[in-house]
Amino acid sequence: MAKAVIIDYTYLGGEELFTPERQACAESGIDLELRSCKTEDEIIEAAHDADAVLCCGNPPITRKVIEALPQCRAYIRYGIGVNSVDLDAATEHGKLVYFMPGFCAEELVLHATALVLNLLRNVCFYDREIRAGKWPKAKGALPRRLTNMTVGLYGFGASARPMAKVFGHGFGSRVIACDPYLPDSVFEEAGVARVSFDELLAQADIVSIHAPLTAENRHIFNMDAFRKMKNTAMIINIARGPLIDEADLIEALKTGEIRYAGLDTHEHEPLLPGDPLLELENVVVTPHSAFYGEESLHTQHVTAARLTVSTLKDHEIVQSNLANRKVLEKL
């Protein structure tokens with residue numbers, strides 16, 4: 001009997017969330033275990049006899065883990081990012097790495113938009129002041145109309161393209177985007193101006209980050225980048241925390257290099273009491289929850305169930321969810 005192990009299953013809650021996976025595995029004759037392991041050694045112990053490892057949260061699927069689990073055929077990520085998986089090692093050893101592109105695109109757009117509007121209209125500032133017994137009528141940073149602002153998208157994938165529609169067609173903003181991995185036709189079809197990274201920084205009033213984390217773009221938003229942005233600019237991150245050098249961001253916000261930051265993802269999670277970000281009134285933070293929603297969670301678990309059955313019962317590769325396409329050359 002084939003075996004699948006879900007690791008770090010408590011990341012979002014209890015066992016009740018995994019009903020689709022349980023039902024699909026039971027119907028397909030696949031043994032399924034739920035384990036709360038998070039470290040390399042815990043993962044190796046839990047999945048030593050597994051044919052598939054389903055990864056909640058961001059457990060470390062390192063070269064050490066991959067080489068210690070020769071029986072495993074596939075690693076299935078409950079999310080878009082695969083920065084916690086050593087893709088090179090997985091490909092080298094002929095292991096499939098699955099991810100879930102676009103499963104929460106609408107939720108990401110809603111959350112990024114909420115952060116923009118919150119900061120632009122001083123929502124959290126007003127709420128804090130009123131709760132402290134004040135009445136800050138017409139105080140706070142002076143808001144502008146979105147019709148007079150340029151929104152710059154770093155990355156132009158599944159969440160950025162609907163974001164462009166919301167701000168371009170909904171609010172009437174000018175929208176620009178930077179993504180070196182896409183053809184010009186994608187930008188032309190969306191009616192969005194393609195720009196370089198430096199042009200994005202110089203022109204955007206709002207920079208919204210929608211890119212995966214790679215070795216090349218880690219800390220791409222650093223002090224050098226903030227100095228190229230407008231002093232009135234806002235940065236929004238619903239992608240991955242280490243895309244921003246957080247120490248540089250804090251300094252840029254304190255010194256007025258940029259005006260606002262709305263952050264759902266952070267360089268170090270969770271944020272601890274006393275973190276300097278929490279002392280800044282021009283920052284709104286949320287706990288890496290932009291993906292969270294009734295429909296997105298359902299899609300997540302149904303997709304995990306489908307990929308498990310396809311791999312272990314049907315012996316089929318689902319290329320639309322394959323993160324390491326080079327592995328096809330080995331299989």
# chains A, B, ... in the order shown; residues from 1 in each chain; ligands from 1
call {"tool": "residues_around", "arguments": {"residues": "segment 170-174 of chain A", "least_positions_apart": "3", "cutoff": "10 Å", "atoms": "only C-alpha atoms", "output": "ChimeraX atom specification"}}
result
/A:145-152,163-167,192-193,204-205
call {"tool": "write_last_selection", "arguments": {"atoms": "N, CA, C and O atoms", "output": "compact mmCIF listing (two decimals), in the first residue's frame"}}
result
# COMPACT_ATOMS: atom_id res chain seq x y z
N ARG A 145 -5.95 60.88 -4.15
CA ARG A 145 -6.86 60.05 -4.93
C ARG A 145 -6.06 59.04 -5.74
O ARG A 145 -5.04 59.37 -6.34
N LEU A 146 -6.58 57.82 -5.79
CA LEU A 146 -5.90 56.79 -6.55
C LEU A 146 -5.89 57.08 -8.05
O LEU A 146 -5.02 56.58 -8.79
N THR A 147 -6.83 57.89 -8.51
CA THR A 147 -6.85 58.25 -9.93
C THR A 147 -5.61 59.05 -10.33
O THR A 147 -5.26 59.11 -11.50
N ASN A 148 -4.95 59.65 -9.36
CA ASN A 148 -3.77 60.46 -9.64
C ASN A 148 -2.47 59.74 -9.26
O ASN A 148 -1.40 60.37 -9.21
N MET A 149 -2.58 58.43 -8.99
CA MET A 149 -1.41 57.69 -8.50
C MET A 149 -1.02 56.58 -9.48
O MET A 149 -1.86 56.06 -10.22
N THR A 150 0.25 56.21 -9.44
CA THR A 150 0.77 55.11 -10.25
C THR A 150 1.04 53.91 -9.34
O THR A 150 1.73 54.04 -8.33
N VAL A 151 0.47 52.79 -9.72
CA VAL A 151 0.67 51.54 -8.98
C VAL A 151 1.68 50.70 -9.75
O VAL A 151 1.50 50.39 -10.93
N GLY A 152 2.76 50.31 -9.07
CA GLY A 152 3.81 49.50 -9.69
C GLY A 152 3.80 48.09 -9.12
O GLY A 152 3.87 47.91 -7.90
N MET A 163 -4.79 42.32 -9.84
CA MET A 163 -4.50 43.55 -9.09
C MET A 163 -4.45 44.73 -10.07
O MET A 163 -4.93 45.83 -9.77
N ALA A 164 -3.87 44.49 -11.23
CA ALA A 164 -3.81 45.54 -12.25
C ALA A 164 -5.21 45.96 -12.68
O ALA A 164 -5.47 47.16 -12.92
N LYS A 165 -6.13 45.01 -12.79
CA LYS A 165 -7.51 45.34 -13.17
C LYS A 165 -8.20 46.15 -12.08
O LYS A 165 -8.91 47.10 -12.36
N VAL A 166 -7.99 45.74 -10.82
CA VAL A 166 -8.64 46.44 -9.71
C VAL A 166 -8.23 47.90 -9.69
O VAL A 166 -9.07 48.81 -9.58
N PHE A 167 -6.93 48.16 -9.83
CA PHE A 167 -6.46 49.54 -9.72
C PHE A 167 -6.57 50.29 -11.05
O PHE A 167 -6.86 51.49 -11.05
N VAL A 192 -0.97 47.01 -19.55
CA VAL A 192 -0.08 47.49 -18.48
C VAL A 192 1.29 47.79 -19.07
O VAL A 192 1.83 47.01 -19.85
N ALA A 193 1.85 48.93 -18.69
CA ALA A 193 3.16 49.31 -19.20
C ALA A 193 4.25 48.48 -18.55
O ALA A 193 4.31 48.37 -17.32
N ALA A 204 6.54 54.67 -9.40
CA ALA A 204 5.39 54.18 -8.64
C ALA A 204 5.15 54.98 -7.35
O ALA A 204 6.08 55.27 -6.60
N ASP A 205 3.89 55.31 -7.12
CA ASP A 205 3.47 55.84 -5.82
C ASP A 205 3.21 54.70 -4.85
O ASP A 205 3.37 54.84 -3.64
call {"tool": "residues_around", "arguments": {"residues": "segment 268-281 of chain A", "least_positions_apart": "4", "cutoff": "9 Å", "atoms": "only C-alpha atoms", "output": "PDB file with C-alpha atoms, in the first residue's frame"}}
result
ATOM      1  CA  CYS A 124      -5.509  51.986  11.512  1.00  0.00           C
ATOM      2  CA  PHE A 125      -4.172  55.372  12.610  1.00  0.00           C
ATOM      3  CA  GLY A 241       9.260  38.631   3.627  1.00  0.00           C
ATOM      4  CA  PRO A 242      12.946  38.330   2.637  1.00  0.00           C
ATOM      5  CA  GLU A 246      13.600  44.755   6.846  1.00  0.00           C
ATOM      6  CA  ALA A 247      16.347  46.650   8.675  1.00  0.00           C
ATOM      7  CA  ILE A 250      12.692  50.429   9.043  1.00  0.00           C
ATOM      8  CA  LEU A 253      10.462  54.679   7.040  1.00  0.00           C
ATOM      9  CA  LYS A 254      12.053  56.490   9.969  1.00  0.00           C
ATOM     10  CA  TYR A 260       4.271  53.819   4.256  1.00  0.00           C
ATOM     11  CA  VAL A 285       1.186  44.512   9.593  1.00  0.00           C
ATOM     12  CA  PRO A 287       0.315  37.722  10.135  1.00  0.00           C
ATOM     13  CA  HIS A 288       1.111  36.104   6.747  1.00  0.00           C
TER      14      HIS A 288
END
call {"tool": "atom_distance", "arguments": {"atom1": "atom CA of Phe99 of chain A", "atom2": "atom CA of Met1 of chain A"}}
result
24.5 Å
call {"tool": "residues_around", "arguments": {"residues": "segment 216-233 of chain A", "least_positions_apart": "5", "cutoff": "12 Å", "atoms": "only C-alpha atoms", "output": "NGL selection string"}}
result
:A and (83 or 116 or 119-120 or 141-144 or 149-152 or 154-155 or 179-180 or 197-209 or 211 or 239-262 or 266-267 or 282)
call {"tool": "select_by_dssp", "arguments": {"residues": "segment 63-151 of chain A", "states": "helix (DSSP H, G or I)", "output": "PyMOL selection string"}}
result
chain A and resi 63-68+87-92+105-120+123-131+146-148
call {"tool": "residues_around", "arguments": {"residues": "Phe291 of chain A", "least_positions_apart": "3", "cutoff": "9 Å", "atoms": "only C-alpha atoms", "output": "PyMOL selection string"}}
result
chain A and resi 79+103-108+111+238+288+296-297
call {"tool": "write_last_selection", "arguments": {"atoms": "C-alpha atoms", "output": "PDB file, in the first residue's frame"}}
result
ATOM      1  CA  GLY A  79       1.078  26.962  -1.409  1.00  0.00           C
ATOM      2  CA  PHE A 103      -4.981  28.903  -5.622  1.00  0.00           C
ATOM      3  CA  CYS A 104      -5.436  32.106  -3.618  1.00  0.00           C
ATOM      4  CA  ALA A 105      -4.995  34.804  -6.258  1.00  0.00           C
ATOM      5  CA  GLU A 106      -8.249  36.580  -5.429  1.00  0.00           C
ATOM      6  CA  GLU A 107      -7.512  36.530  -1.698  1.00  0.00           C
ATOM      7  CA  LEU A 108      -4.046  38.000  -2.306  1.00  0.00           C
ATOM      8  CA  HIS A 111      -5.576  41.648   0.978  1.00  0.00           C
ATOM      9  CA  ILE A 238       1.958  39.926   0.272  1.00  0.00           C
ATOM     10  CA  HIS A 288       1.111  36.104   6.747  1.00  0.00           C
ATOM     11  CA  SER A 296      -8.785  29.242  -1.084  1.00  0.00           C
ATOM     12  CA  LEU A 297      -8.506  26.730   1.767  1.00  0.00           C
TER      13      LEU A 297
END
call {"tool": "residues_around", "arguments": {"residues": "His301 of chain A", "least_positions_apart": "6", "cutoff": "7 Å", "atoms": "only C-alpha atoms", "output": "PyMOL selection string"}}
result
chain A and resi 18+20-21
call {"tool": "atom_distance", "arguments": {"atom1": "atom CA of Ser159 of chain A", "atom2": "atom CA of Gly102 of chain A"}}
result
7.0 Å
call {"tool": "residues_around", "arguments": {"residues": "Asn122 of chain A", "least_positions_apart": "4", "cutoff": "7 Å", "atoms": "only C-alpha atoms", "output": "PyMOL selection string"}}
result
chain A and resi 118+126+140
call {"tool": "residues_around", "arguments": {"residues": "Leu328 of chain A", "least_positions_apart": "6", "cutoff": "9 Å", "atoms": "only C-alpha atoms", "output": "NGL selection string"}}
result
:A and (91 or 94 or 96)
call {"tool": "write_last_selection", "arguments": {"atoms": "N, CA, C and O atoms", "output": "mmCIF file, in the first residue's frame"}}
result
data_model
loop_
_atom_site.group_PDB
_atom_site.id
_atom_site.type_symbol
_atom_site.label_atom_id
_atom_site.label_comp_id
_atom_site.auth_asym_id
_atom_site.auth_seq_id
_atom_site.Cartn_x
_atom_site.Cartn_y
_atom_site.Cartn_z
ATOM 1 N N THR A 91 15.275 17.701 -8.154
ATOM 2 C CA THR A 91 15.405 17.383 -9.573
ATOM 3 C C THR A 91 16.530 16.386 -9.811
ATOM 4 O O THR A 91 16.383 15.421 -10.566
ATOM 5 N N GLY A 94 15.386 13.002 -9.058
ATOM 6 C CA GLY A 94 14.191 12.545 -9.766
ATOM 7 C C GLY A 94 12.909 12.633 -8.961
ATOM 8 O O GLY A 94 11.982 11.844 -9.178
ATOM 9 N N LEU A 96 9.467 14.640 -7.834
ATOM 10 C CA LEU A 96 8.517 15.663 -8.249
ATOM 11 C C LEU A 96 8.302 16.654 -7.115
ATOM 12 O O LEU A 96 8.184 16.257 -5.948
#
call {"tool": "atom_distance", "arguments": {"atom1": "atom CA of Ala215 of chain A", "atom2": "atom CA of Gly81 of chain A"}}
result
13.1 Å
call {"tool": "select_by_dssp", "arguments": {"residues": "segment 3-187 of chain A", "states": "strand (DSSP E)", "output": "number ranges by chain"}}
result
A: 3-7, 31-35, 52-55, 74-77, 96-98, 150-154, 174-178
call {"tool": "closest_residue", "arguments": {"among": "A:Asp314, A:Cys72, A:Leu213, A:Leu32", "to": "Thr19 of chain A", "atoms": "only C-alpha atoms"}}
result
A:Leu32
